[in-house]
$ cat run06.pdb   # PDB, C-alpha atoms, pLDDT in the B column
ATOM      1  CA  ALA A   1     -53.251-191.136  51.665  1.00 68.00           C
ATOM      2  CA  MET A   2     -54.331-190.038  48.181  1.00 66.00           C
ATOM      3  CA  ALA A   3     -51.040-191.231  46.682  1.00 74.00           C
ATOM      4  CA  ASP A   4     -51.561-194.567  48.457  1.00 81.00           C
ATOM      5  CA  LEU A   5     -55.067-194.770  47.064  1.00 82.00           C
ATOM      6  CA  ALA A   6     -53.822-194.213  43.529  1.00 85.00           C
ATOM      7  CA  SER A   7     -51.020-196.783  43.837  1.00 85.00           C
ATOM      8  CA  THR A   8     -53.319-199.432  45.383  1.00 86.00           C
ATOM      9  CA  CYS A   9     -55.799-198.864  42.581  1.00 89.00           C
ATOM     10  CA  LYS A  10     -53.025-199.019  40.007  1.00 88.00           C
ATOM     11  CA  ASP A  11     -51.985-202.484  41.261  1.00 86.00           C
ATOM     12  CA  LYS A  12     -55.560-203.721  41.075  1.00 88.00           C
ATOM     13  CA  LEU A  13     -56.134-202.255  37.604  1.00 89.00           C
ATOM     14  CA  ALA A  14     -53.039-204.036  36.295  1.00 87.00           C
ATOM     15  CA  TYR A  15     -54.607-207.301  37.485  1.00 84.00           C
ATOM     16  CA  PHE A  16     -57.870-206.708  35.578  1.00 88.00           C
ATOM     17  CA  ARG A  17     -58.711-208.076  32.186  1.00 88.00           C
ATOM     18  CA  ILE A  18     -60.244-205.878  29.440  1.00 89.00           C
ATOM     19  CA  LYS A  19     -63.696-207.122  30.560  1.00 88.00           C
ATOM     20  CA  GLU A  20     -63.304-205.713  34.101  1.00 89.00           C
ATOM     21  CA  LEU A  21     -61.759-202.459  32.862  1.00 92.00           C
ATOM     22  CA  LYS A  22     -64.691-201.890  30.496  1.00 91.00           C
ATOM     23  CA  ASP A  23     -67.077-202.619  33.356  1.00 90.00           C
ATOM     24  CA  ILE A  24     -65.428-199.880  35.467  1.00 90.00           C
ATOM     25  CA  LEU A  25     -65.461-197.375  32.581  1.00 91.00           C
ATOM     26  CA  HIS A  26     -69.129-198.211  31.982  1.00 89.00           C
ATOM     27  CA  GLN A  27     -69.938-197.453  35.636  1.00 88.00           C
ATOM     28  CA  LEU A  28     -67.984-194.195  35.397  1.00 88.00           C
ATOM     29  CA  GLY A  29     -69.716-193.247  32.153  1.00 87.00           C
ATOM     30  CA  LEU A  30     -66.405-193.113  30.249  1.00 88.00           C
ATOM     31  CA  PRO A  31     -65.547-194.291  26.711  1.00 90.00           C
ATOM     32  CA  LYS A  32     -64.622-198.001  26.536  1.00 88.00           C
ATOM     33  CA  GLN A  33     -62.540-198.007  23.340  1.00 89.00           C
ATOM     34  CA  GLY A  34     -58.791-198.515  23.185  1.00 89.00           C
ATOM     35  CA  LYS A  35     -56.006-200.852  24.235  1.00 89.00           C
ATOM     36  CA  LYS A  36     -55.775-202.205  27.775  1.00 89.00           C
ATOM     37  CA  GLN A  37     -53.260-199.510  28.836  1.00 91.00           C
ATOM     38  CA  ASP A  38     -55.523-196.751  27.453  1.00 91.00           C
ATOM     39  CA  LEU A  39     -58.394-198.053  29.574  1.00 91.00           C
ATOM     40  CA  ILE A  40     -56.180-198.192  32.691  1.00 92.00           C
ATOM     41  CA  ASP A  41     -54.876-194.647  32.062  1.00 91.00           C
ATOM     42  CA  ARG A  42     -58.430-193.365  31.642  1.00 92.00           C
ATOM     43  CA  VAL A  43     -59.382-194.632  35.108  1.00 91.00           C
ATOM     44  CA  LEU A  44     -56.100-193.497  36.705  1.00 90.00           C
ATOM     45  CA  ALA A  45     -56.643-189.976  35.324  1.00 89.00           C
ATOM     46  CA  LEU A  46     -59.655-189.677  37.652  1.00 87.00           C
ATOM     47  CA  LEU A  47     -57.482-190.622  40.618  1.00 86.00           C
ATOM     48  CA  SER A  48     -54.437-188.532  39.793  1.00 80.00           C
ATOM     49  CA  ASP A  49     -55.656-185.004  39.180  1.00 62.00           C
ATOM     50  CA  GLU A  50     -58.848-183.087  39.782  1.00 54.00           C
ATOM     51  CA  GLN A  51     -58.746-181.605  36.288  1.00 46.00           C
ATOM     52  CA  GLY A  52     -58.301-184.987  34.641  1.00 44.00           C
ATOM     53  CA  GLN A  53     -61.897-185.219  33.575  1.00 44.00           C
ATOM     54  CA  ARG A  54     -61.915-181.883  31.792  1.00 45.00           C
ATOM     55  CA  HIS A  55     -58.568-182.467  30.027  1.00 44.00           C
ATOM     56  CA  HIS A  56     -59.993-185.536  28.373  1.00 48.00           C
ATOM     57  CA  GLY A  57     -63.210-183.860  27.307  1.00 46.00           C
ATOM     58  CA  TRP A  58     -65.446-186.165  29.330  1.00 48.00           C
ATOM     59  CA  GLY A  59     -67.852-183.418  30.261  1.00 45.00           C
ATOM     60  CA  ARG A  60     -69.517-183.010  33.608  1.00 43.00           C
ATOM     61  CA  LYS A  61     -71.082-186.465  33.766  1.00 48.00           C
ATOM     62  CA  ASN A  62     -68.145-187.857  35.794  1.00 54.00           C
ATOM     63  CA  SER A  63     -68.460-186.086  39.092  1.00 69.00           C
ATOM     64  CA  PHE A  64     -67.068-189.108  40.973  1.00 80.00           C
ATOM     65  CA  THR A  65     -64.854-188.521  43.993  1.00 86.00           C
ATOM     66  CA  LYS A  66     -61.558-190.394  44.097  1.00 87.00           C
ATOM     67  CA  GLU A  67     -62.925-192.526  46.919  1.00 87.00           C
ATOM     68  CA  ALA A  68     -65.953-193.468  44.815  1.00 87.00           C
ATOM     69  CA  VAL A  69     -63.700-194.491  41.900  1.00 90.00           C
ATOM     70  CA  ALA A  70     -61.513-196.506  44.296  1.00 90.00           C
ATOM     71  CA  LYS A  71     -64.593-198.248  45.697  1.00 89.00           C
ATOM     72  CA  ILE A  72     -65.785-199.291  42.222  1.00 91.00           C
ATOM     73  CA  ILE A  73     -62.304-200.706  41.510  1.00 91.00           C
ATOM     74  CA  ASP A  74     -62.194-202.509  44.856  1.00 88.00           C
ATOM     75  CA  ASP A  75     -65.668-204.029  44.390  1.00 88.00           C
ATOM     76  CA  ILE A  76     -64.759-205.491  41.008  1.00 87.00           C
ATOM     77  CA  TYR A  77     -61.399-206.671  42.348  1.00 86.00           C
ATOM     78  CA  ARG A  78     -63.109-208.526  45.212  1.00 83.00           C
ATOM     79  CA  LYS A  79     -65.611-210.066  42.827  1.00 83.00           C
ATOM     80  CA  MET A  80     -62.732-211.432  40.726  1.00 80.00           C
ATOM     81  CA  GLN A  81     -61.014-212.828  43.812  1.00 75.00           C
ATOM     82  CA  ILE A  82     -64.187-214.549  44.946  1.00 73.00           C
ATOM     83  CA  GLN A  83     -64.764-216.068  41.522  1.00 71.00           C
ATOM     84  CA  SER A  84     -61.228-217.424  41.398  1.00 64.00           C
ATOM     85  CA  ALA A  85     -61.285-218.671  44.998  1.00 58.00           C
ATOM     86  CA  PRO A  86     -64.787-219.595  46.171  1.00 48.00           C
ATOM     87  CA  ASP A  87     -63.607-220.622  49.632  1.00 45.00           C
ATOM     88  CA  LEU A  88     -62.243-217.143  50.376  1.00 42.00           C
ATOM     89  CA  ALA A  89     -65.714-215.724  50.029  1.00 40.00           C
ATOM     90  CA  THR A  90     -66.980-217.705  52.980  1.00 42.00           C
ATOM     91  CA  ARG A  91     -64.449-216.453  55.514  1.00 41.00           C
ATOM     92  CA  SER A  92     -65.328-213.184  57.148  1.00 39.00           C
ATOM     93  CA  HIS A  93     -62.984-210.499  55.942  1.00 40.00           C
ATOM     94  CA  THR A  94     -62.437-206.876  56.804  1.00 38.00           C
ATOM     95  CA  GLY A  95     -60.553-204.453  54.629  1.00 39.00           C
ATOM     96  CA  SER A  96     -58.900-205.685  51.472  1.00 39.00           C
ATOM     97  CA  ASP A  97     -55.793-207.233  52.989  1.00 41.00           C
ATOM     98  CA  LEU A  98     -57.139-210.769  52.607  1.00 41.00           C
ATOM     99  CA  PHE A  99     -56.844-210.549  48.852  1.00 39.00           C
ATOM    100  CA  ARG A 100     -53.587-210.509  46.980  1.00 38.00           C
ATOM    101  CA  PRO A 101     -53.281-210.310  43.208  1.00 44.00           C
ATOM    102  CA  LYS A 102     -51.848-213.557  41.904  1.00 43.00           C
ATOM    103  CA  ASP A 103     -48.227-213.057  40.899  1.00 46.00           C
ATOM    104  CA  GLU A 104     -47.773-213.479  37.201  1.00 45.00           C
ATOM    105  CA  VAL A 105     -45.860-216.677  36.669  1.00 44.00           C
ATOM    106  CA  ASN A 106     -43.382-217.190  33.897  1.00 47.00           C
ATOM    107  CA  ASP A 107     -44.829-220.265  32.209  1.00 46.00           C
ATOM    108  CA  SER A 108     -41.514-221.382  30.721  1.00 46.00           C
ATOM    109  CA  PHE A 109     -40.226-222.412  34.146  1.00 45.00           C
ATOM    110  CA  GLN A 110     -43.272-224.350  35.249  1.00 47.00           C
ATOM    111  CA  PRO A 111     -42.949-228.124  35.325  1.00 46.00           C
ATOM    112  CA  GLN A 112     -45.533-229.715  33.032  1.00 46.00           C
ATOM    113  CA  PRO A 113     -48.469-230.893  35.161  1.00 52.00           C
ATOM    114  CA  VAL A 114     -49.350-234.564  35.177  1.00 63.00           C
ATOM    115  CA  THR A 115     -52.481-235.214  33.108  1.00 80.00           C
ATOM    116  CA  LYS A 116     -55.239-236.000  35.582  1.00 89.00           C
ATOM    117  CA  VAL A 117     -58.302-237.756  34.186  1.00 93.00           C
ATOM    118  CA  ARG A 118     -61.427-237.802  36.364  1.00 93.00           C
ATOM    119  CA  CYS A 119     -64.651-238.315  34.515  1.00 93.00           C
ATOM    120  CA  ILE A 120     -68.219-239.165  35.506  1.00 91.00           C
ATOM    121  CA  CYS A 121     -67.866-242.423  33.539  1.00 90.00           C
ATOM    122  CA  ASP A 122     -65.154-243.623  35.998  1.00 87.00           C
ATOM    123  CA  SER A 123     -62.778-244.455  33.119  1.00 89.00           C
ATOM    124  CA  LYS A 124     -59.257-243.042  33.444  1.00 89.00           C
ATOM    125  CA  LEU A 125     -58.442-243.587  29.760  1.00 89.00           C
ATOM    126  CA  LEU A 126     -57.416-240.652  27.568  1.00 87.00           C
ATOM    127  CA  ASN A 127     -58.980-240.372  24.126  1.00 87.00           C
ATOM    128  CA  ASP A 128     -58.823-237.828  21.303  1.00 83.00           C
ATOM    129  CA  ASN A 129     -61.776-235.807  22.555  1.00 88.00           C
ATOM    130  CA  MET A 130     -60.931-234.509  26.014  1.00 91.00           C
ATOM    131  CA  ILE A 131     -61.798-231.218  27.697  1.00 93.00           C
ATOM    132  CA  GLN A 132     -60.055-229.664  30.711  1.00 94.00           C
ATOM    133  CA  CYS A 133     -61.582-227.949  33.750  1.00 95.00           C
ATOM    134  CA  GLU A 134     -60.501-224.299  33.959  1.00 93.00           C
ATOM    135  CA  ASP A 135     -60.289-224.129  37.755  1.00 92.00           C
ATOM    136  CA  ASP A 136     -56.661-223.475  38.739  1.00 90.00           C
ATOM    137  CA  ARG A 137     -56.814-225.941  41.598  1.00 90.00           C
ATOM    138  CA  CYS A 138     -58.454-228.677  39.538  1.00 91.00           C
ATOM    139  CA  HIS A 139     -57.429-228.893  35.853  1.00 92.00           C
ATOM    140  CA  VAL A 140     -58.855-232.419  35.480  1.00 93.00           C
ATOM    141  CA  TRP A 141     -59.483-233.793  32.000  1.00 94.00           C
ATOM    142  CA  GLN A 142     -62.850-235.309  31.088  1.00 94.00           C
ATOM    143  CA  HIS A 143     -64.292-237.059  28.036  1.00 93.00           C
ATOM    144  CA  MET A 144     -66.278-234.619  25.909  1.00 92.00           C
ATOM    145  CA  SER A 145     -68.813-237.329  25.071  1.00 90.00           C
ATOM    146  CA  CYS A 146     -69.549-237.789  28.795  1.00 91.00           C
ATOM    147  CA  VAL A 147     -69.751-234.184  30.001  1.00 93.00           C
ATOM    148  CA  LEU A 148     -70.885-232.115  27.000  1.00 92.00           C
ATOM    149  CA  VAL A 149     -74.577-232.785  26.454  1.00 87.00           C
ATOM    150  CA  PRO A 150     -76.145-231.150  23.383  1.00 85.00           C
ATOM    151  CA  ASP A 151     -79.589-229.569  23.820  1.00 79.00           C
ATOM    152  CA  LYS A 152     -80.825-231.335  20.695  1.00 78.00           C
ATOM    153  CA  PRO A 153     -78.663-234.331  19.775  1.00 73.00           C
ATOM    154  CA  THR A 154     -77.892-234.484  16.051  1.00 76.00           C
ATOM    155  CA  GLU A 155     -76.578-237.653  14.457  1.00 75.00           C
ATOM    156  CA  GLY A 156     -72.871-237.425  13.673  1.00 73.00           C
ATOM    157  CA  VAL A 157     -72.504-233.917  15.118  1.00 76.00           C
ATOM    158  CA  GLY A 158     -70.497-233.522  18.311  1.00 73.00           C
ATOM    159  CA  PRO A 159     -71.670-231.187  21.084  1.00 77.00           C
ATOM    160  CA  GLU A 160     -70.540-227.563  20.971  1.00 83.00           C
ATOM    161  CA  VAL A 161     -67.417-226.864  23.041  1.00 87.00           C
ATOM    162  CA  PRO A 162     -68.161-224.042  25.514  1.00 87.00           C
ATOM    163  CA  PRO A 163     -65.757-221.061  25.780  1.00 88.00           C
ATOM    164  CA  HIS A 164     -65.355-221.785  29.519  1.00 91.00           C
ATOM    165  CA  PHE A 165     -65.556-225.250  30.988  1.00 94.00           C
ATOM    166  CA  TYR A 166     -65.702-226.315  34.639  1.00 95.00           C
ATOM    167  CA  CYS A 167     -66.079-229.910  35.807  1.00 95.00           C
ATOM    168  CA  GLU A 168     -69.179-230.829  37.818  1.00 95.00           C
ATOM    169  CA  LEU A 169     -67.370-230.633  41.192  1.00 94.00           C
ATOM    170  CA  CYS A 170     -66.026-227.139  40.498  1.00 93.00           C
ATOM    171  CA  ARG A 171     -69.472-226.064  39.303  1.00 94.00           C
ATOM    172  CA  LEU A 172     -70.993-227.283  42.563  1.00 91.00           C
ATOM    173  CA  SER A 173     -68.374-225.616  44.734  1.00 89.00           C
ATOM    174  CA  ARG A 174     -69.365-222.304  43.117  1.00 91.00           C
ATOM    175  CA  ALA A 175     -73.107-223.015  43.181  1.00 90.00           C
ATOM    176  CA  ASP A 176     -73.450-222.666  46.942  1.00 86.00           C
ATOM    177  CA  PRO A 177     -72.331-219.311  48.376  1.00 86.00           C
ATOM    178  CA  PHE A 178     -72.608-220.510  51.982  1.00 88.00           C
ATOM    179  CA  TRP A 179     -70.926-223.919  52.150  1.00 88.00           C
ATOM    180  CA  VAL A 180     -67.344-224.860  51.327  1.00 89.00           C
ATOM    181  CA  THR A 181     -66.877-228.375  49.955  1.00 88.00           C
ATOM    182  CA  THR A 182     -64.300-230.216  52.059  1.00 87.00           C
ATOM    183  CA  GLY A 183     -64.542-233.652  50.465  1.00 87.00           C
ATOM    184  CA  ASN A 184     -66.520-235.956  48.176  1.00 88.00           C
ATOM    185  CA  PRO A 185     -67.091-239.361  49.768  1.00 88.00           C
ATOM    186  CA  LEU A 186     -69.146-240.397  46.725  1.00 89.00           C
ATOM    187  CA  PRO A 187     -67.898-239.349  43.269  1.00 88.00           C
ATOM    188  CA  PRO A 188     -70.496-237.817  40.918  1.00 91.00           C
ATOM    189  CA  LEU A 189     -72.835-240.113  38.965  1.00 87.00           C
ATOM    190  CA  LYS A 190     -74.693-239.387  35.776  1.00 87.00           C
ATOM    191  CA  PHE A 191     -78.307-240.146  34.951  1.00 83.00           C
ATOM    192  CA  MET A 192     -78.553-241.056  31.300  1.00 75.00           C
ATOM    193  CA  SER A 193     -81.367-238.605  30.482  1.00 71.00           C
ATOM    194  CA  SER A 194     -83.079-235.619  32.043  1.00 66.00           C
ATOM    195  CA  GLY A 195     -85.917-237.910  33.165  1.00 70.00           C
ATOM    196  CA  VAL A 196     -88.487-236.365  30.834  1.00 75.00           C
ATOM    197  CA  ALA A 197     -89.651-238.179  27.696  1.00 78.00           C
ATOM    198  CA  ASN A 198     -90.368-236.372  24.410  1.00 80.00           C
ATOM    199  CA  ASP A 199     -94.109-236.376  25.161  1.00 85.00           C
ATOM    200  CA  GLY A 200     -93.469-234.674  28.503  1.00 79.00           C
ATOM    201  CA  THR A 201     -94.052-237.714  30.732  1.00 83.00           C
ATOM    202  CA  SER A 202     -91.572-238.599  33.480  1.00 81.00           C
ATOM    203  CA  VAL A 203     -89.191-241.483  32.908  1.00 83.00           C
ATOM    204  CA  LEU A 204     -88.239-243.500  35.979  1.00 86.00           C
ATOM    205  CA  GLN A 205     -84.476-243.694  36.394  1.00 86.00           C
ATOM    206  CA  THR A 206     -82.672-245.272  39.293  1.00 87.00           C
ATOM    207  CA  VAL A 207     -79.032-245.326  40.199  1.00 86.00           C
ATOM    208  CA  GLU A 208     -77.551-247.193  43.130  1.00 88.00           C
ATOM    209  CA  LYS A 209     -74.122-246.648  44.649  1.00 88.00           C
ATOM    210  CA  THR A 210     -72.312-247.924  47.705  1.00 89.00           C
ATOM    211  CA  PHE A 211     -69.794-245.795  49.541  1.00 87.00           C
ATOM    212  CA  GLN A 212     -68.090-246.019  52.899  1.00 87.00           C
ATOM    213  CA  LEU A 213     -67.823-243.116  55.296  1.00 87.00           C
ATOM    214  CA  SER A 214     -64.427-243.392  56.960  1.00 90.00           C
ATOM    215  CA  ARG A 215     -64.150-242.962  60.692  1.00 93.00           C
ATOM    216  CA  ALA A 216     -62.713-239.474  60.138  1.00 91.00           C
ATOM    217  CA  ASP A 217     -65.699-238.634  57.887  1.00 90.00           C
ATOM    218  CA  ARG A 218     -68.153-239.834  60.526  1.00 90.00           C
ATOM    219  CA  GLU A 219     -66.482-237.742  63.230  1.00 93.00           C
ATOM    220  CA  THR A 220     -66.488-234.699  60.955  1.00 91.00           C
ATOM    221  CA  VAL A 221     -70.181-235.035  60.088  1.00 90.00           C
ATOM    222  CA  GLN A 222     -71.082-235.149  63.785  1.00 93.00           C
ATOM    223  CA  ARG A 223     -69.686-231.643  64.266  1.00 93.00           C
ATOM    224  CA  SER A 224     -72.405-229.001  64.011  1.00 91.00           C
ATOM    225  CA  GLU A 225     -70.634-226.885  61.383  1.00 92.00           C
ATOM    226  CA  TYR A 226     -70.402-229.793  58.893  1.00 92.00           C
ATOM    227  CA  ASP A 227     -73.112-231.397  56.785  1.00 89.00           C
ATOM    228  CA  LEU A 228     -73.257-234.382  54.480  1.00 88.00           C
ATOM    229  CA  GLN A 229     -75.144-233.121  51.436  1.00 90.00           C
ATOM    230  CA  VAL A 230     -76.462-234.653  48.232  1.00 90.00           C
ATOM    231  CA  TRP A 231     -76.322-232.344  45.245  1.00 90.00           C
ATOM    232  CA  CYS A 232     -77.603-232.492  41.697  1.00 91.00           C
ATOM    233  CA  ILE A 233     -76.889-230.422  38.589  1.00 92.00           C
ATOM    234  CA  LEU A 234     -78.141-230.394  35.017  1.00 91.00           C
ATOM    235  CA  MET A 235     -75.080-231.106  32.881  1.00 90.00           C
ATOM    236  CA  ASN A 236     -76.056-228.738  30.056  1.00 88.00           C
ATOM    237  CA  ASP A 237     -77.552-226.026  32.272  1.00 90.00           C
ATOM    238  CA  LYS A 238     -77.118-222.601  30.686  1.00 89.00           C
ATOM    239  CA  VAL A 239     -76.465-221.303  34.224  1.00 91.00           C
ATOM    240  CA  GLN A 240     -73.365-223.322  35.110  1.00 90.00           C
ATOM    241  CA  PHE A 241     -73.174-222.598  38.811  1.00 93.00           C
ATOM    242  CA  ARG A 242     -76.488-223.700  40.274  1.00 93.00           C
ATOM    243  CA  MET A 243     -78.169-226.880  41.454  1.00 92.00           C
ATOM    244  CA  GLN A 244     -81.006-228.514  39.536  1.00 90.00           C
ATOM    245  CA  TRP A 245     -83.143-231.428  40.686  1.00 88.00           C
ATOM    246  CA  PRO A 246     -85.558-233.566  38.660  1.00 84.00           C
ATOM    247  CA  GLN A 247     -89.160-232.587  39.340  1.00 82.00           C
ATOM    248  CA  TYR A 248     -89.754-235.806  41.293  1.00 84.00           C
ATOM    249  CA  ALA A 249     -86.769-237.257  43.116  1.00 86.00           C
ATOM    250  CA  GLU A 250     -86.477-239.853  45.850  1.00 89.00           C
ATOM    251  CA  LEU A 251     -83.399-240.609  47.877  1.00 90.00           C
ATOM    252  CA  GLU A 252     -82.908-243.745  49.935  1.00 92.00           C
ATOM    253  CA  VAL A 253     -79.977-244.247  52.285  1.00 89.00           C
ATOM    254  CA  ASN A 254     -79.249-247.672  53.840  1.00 89.00           C
ATOM    255  CA  GLY A 255     -82.543-248.940  52.479  1.00 88.00           C
TER
END
$ encode --input "run06.pdb" --output "structure tokens"
Amino acid sequence: AMADLASTCKDKLAYFRIKELKDILHQLGLPKQGKKQDLIDRVLALLSDEQGQRHHGWGRKNSFTKEAVAKIIDDIYRKMQIQSAPDLATRSHTGSDLFRPKDEVNDSFQPQPVTKVRCICDSKLLNDNMIQCEDDRCHVWQHMSCVLVPDKPTEGVGPEVPPHFYCELCRLSRADPFWVTTGNPLPPLKFMSSGVANDGTSVLQTVEKTFQLSRADRETVQRSEYDLQVWCILMNDKVQFRMQWPQYAELEVNG
């Protein structure tokens, strides 16, 4: 069983990025310097031989059992899986057999994906300033001027491009740990400001949209495990994956 434990952990470690490996080493109280393979070897040493810790001069601080090391690895592995597939997190799972590391794909053989533009402005036109959603199942392109909102607009200066970008629908699907989004009968709309004037008073903004619920939608919504929900996010929220509502909001449906 110990050999199995080591080989399972080895597979998971190979799947980790430097960030996750450093996180594990931090939890184990081990040095975090070195190339990716050095970091992997440092963790594997704890799983492969009892003396491993003393050979590497790590002192007595690391009195972790192999099972404890394996659990730390498994926890981080699950967290990665959940981040990359929010809908998996909502199904009940036992053991770790639900999760499989994604096979590394040789990019040279992949057909080039069709450029998919879906922006909150409704325009499908490509321009020179586009940004792409990172979600593997989405990859839509959006206009930077529509979706990147600077905290303090400066004349002639474009908004800062974030290191990681998710479109508003992918942000929402991650914002709620309990519900899985199954469809969007009404595409997202954008209010032109945050609703607060410079002097702190509220600015009234209204937006009106018509959408049809198909017969299938209506039947779905009548089932107890489905809801029709209205969600709102702040486009330039520093916390990407959460909902934000204006302080005073009213919603009218069918008048």
$ resolve_selection --input "run06.pdb" --expression "the PyMOL selection byres ((chain A and resi 243) around 7)" --output "list of chain:residue names"
A:Ala175, A:Trp231, A:Cys232, A:Ile233, A:Arg242, A:Gln244, A:Trp245
$ closest_residue --input "run06.pdb" --among "A:Gln83, A:Gln222, A:Asn236, A:Asn129" --to "A:Pro153" --atoms "only C-alpha atoms"
A:Asn236
$ residues_around --input "run06.pdb" --residues "A:Lys124" --least-positions-apart "3" --cutoff "12 Å" --atoms "all atoms listed in the file" --output "list in words"
Thr115, Lys116, Val117, Arg118, Cys119, Ile120, Cys121, Asn127, Met130, Val140, Trp141, Gln142 and His143 of chain A
$ resolve_selection --input "run06.pdb" --expression "the PyMOL selection byres ((chain A and resi 203) around 12)" --output "PyMOL selection string"
chain A and resi 191-202+204-206+246-249
$ resolve_selection --input "run06.pdb" --expression "the PyMOL selection byres ((chain A and resi 12-19) around 8)" --output "PDB file with C-alpha atoms, in the frame of the given file"
ATOM      1  CA  THR A   8     -53.319-199.432  45.383  1.00 86.00           C
ATOM      2  CA  CYS A   9     -55.799-198.864  42.581  1.00 89.00           C
ATOM      3  CA  LYS A  10     -53.025-199.019  40.007  1.00 88.00           C
ATOM      4  CA  ASP A  11     -51.985-202.484  41.261  1.00 86.00           C
ATOM      5  CA  GLU A  20     -63.304-205.713  34.101  1.00 89.00           C
ATOM      6  CA  LEU A  21     -61.759-202.459  32.862  1.00 92.00           C
ATOM      7  CA  LYS A  22     -64.691-201.890  30.496  1.00 91.00           C
ATOM      8  CA  ASP A  23     -67.077-202.619  33.356  1.00 90.00           C
ATOM      9  CA  LYS A  36     -55.775-202.205  27.775  1.00 89.00           C
ATOM     10  CA  ILE A  40     -56.180-198.192  32.691  1.00 92.00           C
ATOM     11  CA  ILE A  73     -62.304-200.706  41.510  1.00 91.00           C
ATOM     12  CA  ASP A  74     -62.194-202.509  44.856  1.00 88.00           C
ATOM     13  CA  TYR A  77     -61.399-206.671  42.348  1.00 86.00           C
ATOM     14  CA  PRO A 101     -53.281-210.310  43.208  1.00 44.00           C
TER      15      PRO A 101
END
$ atom_distance --input "run06.pdb" --atom1 "atom CA of A:Glu134" --atom2 "atom CA of A:Phe165"
5.9 Å
$ closest_residue --input "run06.pdb" --among "A:Asp227, A:Asp237, A:Asp41, A:Asp75" --to "A:Pro162" --atoms "only C-alpha atoms"
A:Asp237
$ atom_distance --input "run06.pdb" --atom1 "atom CA of A:Tyr166" --atom2 "atom CA of A:Cys133"
4.5 Å
$ decode --input "run06.pdb" --residues "stretch 178-182 of chain A" --atoms "all heavy atoms" --output "PDB file, in the first residue's frame"
ATOM      1  N   PHE A 178     -22.747  26.518  -4.215  1.00  0.00           N
ATOM      2  CA  PHE A 178     -23.837  25.556  -4.042  1.00  0.00           C
ATOM      3  C   PHE A 178     -24.646  25.294  -5.306  1.00  0.00           C
ATOM      4  O   PHE A 178     -25.274  24.260  -5.432  1.00  0.00           O
ATOM      5  CB  PHE A 178     -24.786  26.035  -2.932  1.00  0.00           C
ATOM      6  CG  PHE A 178     -24.077  26.274  -1.634  1.00  0.00           C
ATOM      7  CD1 PHE A 178     -23.854  27.566  -1.169  1.00  0.00           C
ATOM      8  CD2 PHE A 178     -23.570  25.211  -0.891  1.00  0.00           C
ATOM      9  CE1 PHE A 178     -23.176  27.786   0.021  1.00  0.00           C
ATOM     10  CE2 PHE A 178     -22.898  25.425   0.292  1.00  0.00           C
ATOM     11  CZ  PHE A 178     -22.702  26.707   0.750  1.00  0.00           C
ATOM     12  N   TRP A 179     -24.677  26.257  -6.223  1.00  0.00           N
ATOM     13  CA  TRP A 179     -25.513  26.106  -7.413  1.00  0.00           C
ATOM     14  C   TRP A 179     -24.659  25.982  -8.660  1.00  0.00           C
ATOM     15  O   TRP A 179     -23.676  26.686  -8.821  1.00  0.00           O
ATOM     16  CB  TRP A 179     -26.440  27.319  -7.567  1.00  0.00           C
ATOM     17  CG  TRP A 179     -27.522  27.366  -6.540  1.00  0.00           C
ATOM     18  CD1 TRP A 179     -27.419  27.900  -5.287  1.00  0.00           C
ATOM     19  CD2 TRP A 179     -28.844  26.840  -6.643  1.00  0.00           C
ATOM     20  NE1 TRP A 179     -28.600  27.743  -4.607  1.00  0.00           N
ATOM     21  CE2 TRP A 179     -29.503  27.100  -5.425  1.00  0.00           C
ATOM     22  CE3 TRP A 179     -29.545  26.181  -7.658  1.00  0.00           C
ATOM     23  CZ2 TRP A 179     -30.816  26.722  -5.185  1.00  0.00           C
ATOM     24  CZ3 TRP A 179     -30.856  25.814  -7.423  1.00  0.00           C
ATOM     25  CH2 TRP A 179     -31.483  26.081  -6.195  1.00  0.00           C
ATOM     26  N   VAL A 180     -25.068  25.107  -9.559  1.00  0.00           N
ATOM     27  CA  VAL A 180     -24.393  24.965 -10.853  1.00  0.00           C
ATOM     28  C   VAL A 180     -25.246  25.681 -11.891  1.00  0.00           C
ATOM     29  O   VAL A 180     -26.451  25.444 -11.986  1.00  0.00           O
ATOM     30  CB  VAL A 180     -24.277  23.472 -11.251  1.00  0.00           C
ATOM     31  CG1 VAL A 180     -23.604  23.338 -12.603  1.00  0.00           C
ATOM     32  CG2 VAL A 180     -23.518  22.697 -10.187  1.00  0.00           C
ATOM     33  N   THR A 181     -24.625  26.566 -12.670  1.00  0.00           N
ATOM     34  CA  THR A 181     -25.365  27.276 -13.712  1.00  0.00           C
ATOM     35  C   THR A 181     -25.651  26.317 -14.867  1.00  0.00           C
ATOM     36  O   THR A 181     -24.735  25.696 -15.401  1.00  0.00           O
ATOM     37  CB  THR A 181     -24.530  28.465 -14.230  1.00  0.00           C
ATOM     38  OG1 THR A 181     -24.149  29.258 -13.118  1.00  0.00           O
ATOM     39  CG2 THR A 181     -25.319  29.305 -15.216  1.00  0.00           C
ATOM     40  N   THR A 182     -26.923  26.209 -15.249  1.00  0.00           N
ATOM     41  CA  THR A 182     -27.250  25.290 -16.351  1.00  0.00           C
ATOM     42  C   THR A 182     -27.655  26.048 -17.614  1.00  0.00           C
ATOM     43  O   THR A 182     -27.778  25.463 -18.674  1.00  0.00           O
ATOM     44  CB  THR A 182     -28.404  24.344 -15.949  1.00  0.00           C
ATOM     45  OG1 THR A 182     -29.505  25.135 -15.525  1.00  0.00           O
ATOM     46  CG2 THR A 182     -27.982  23.409 -14.831  1.00  0.00           C
TER      47      THR A 182
END
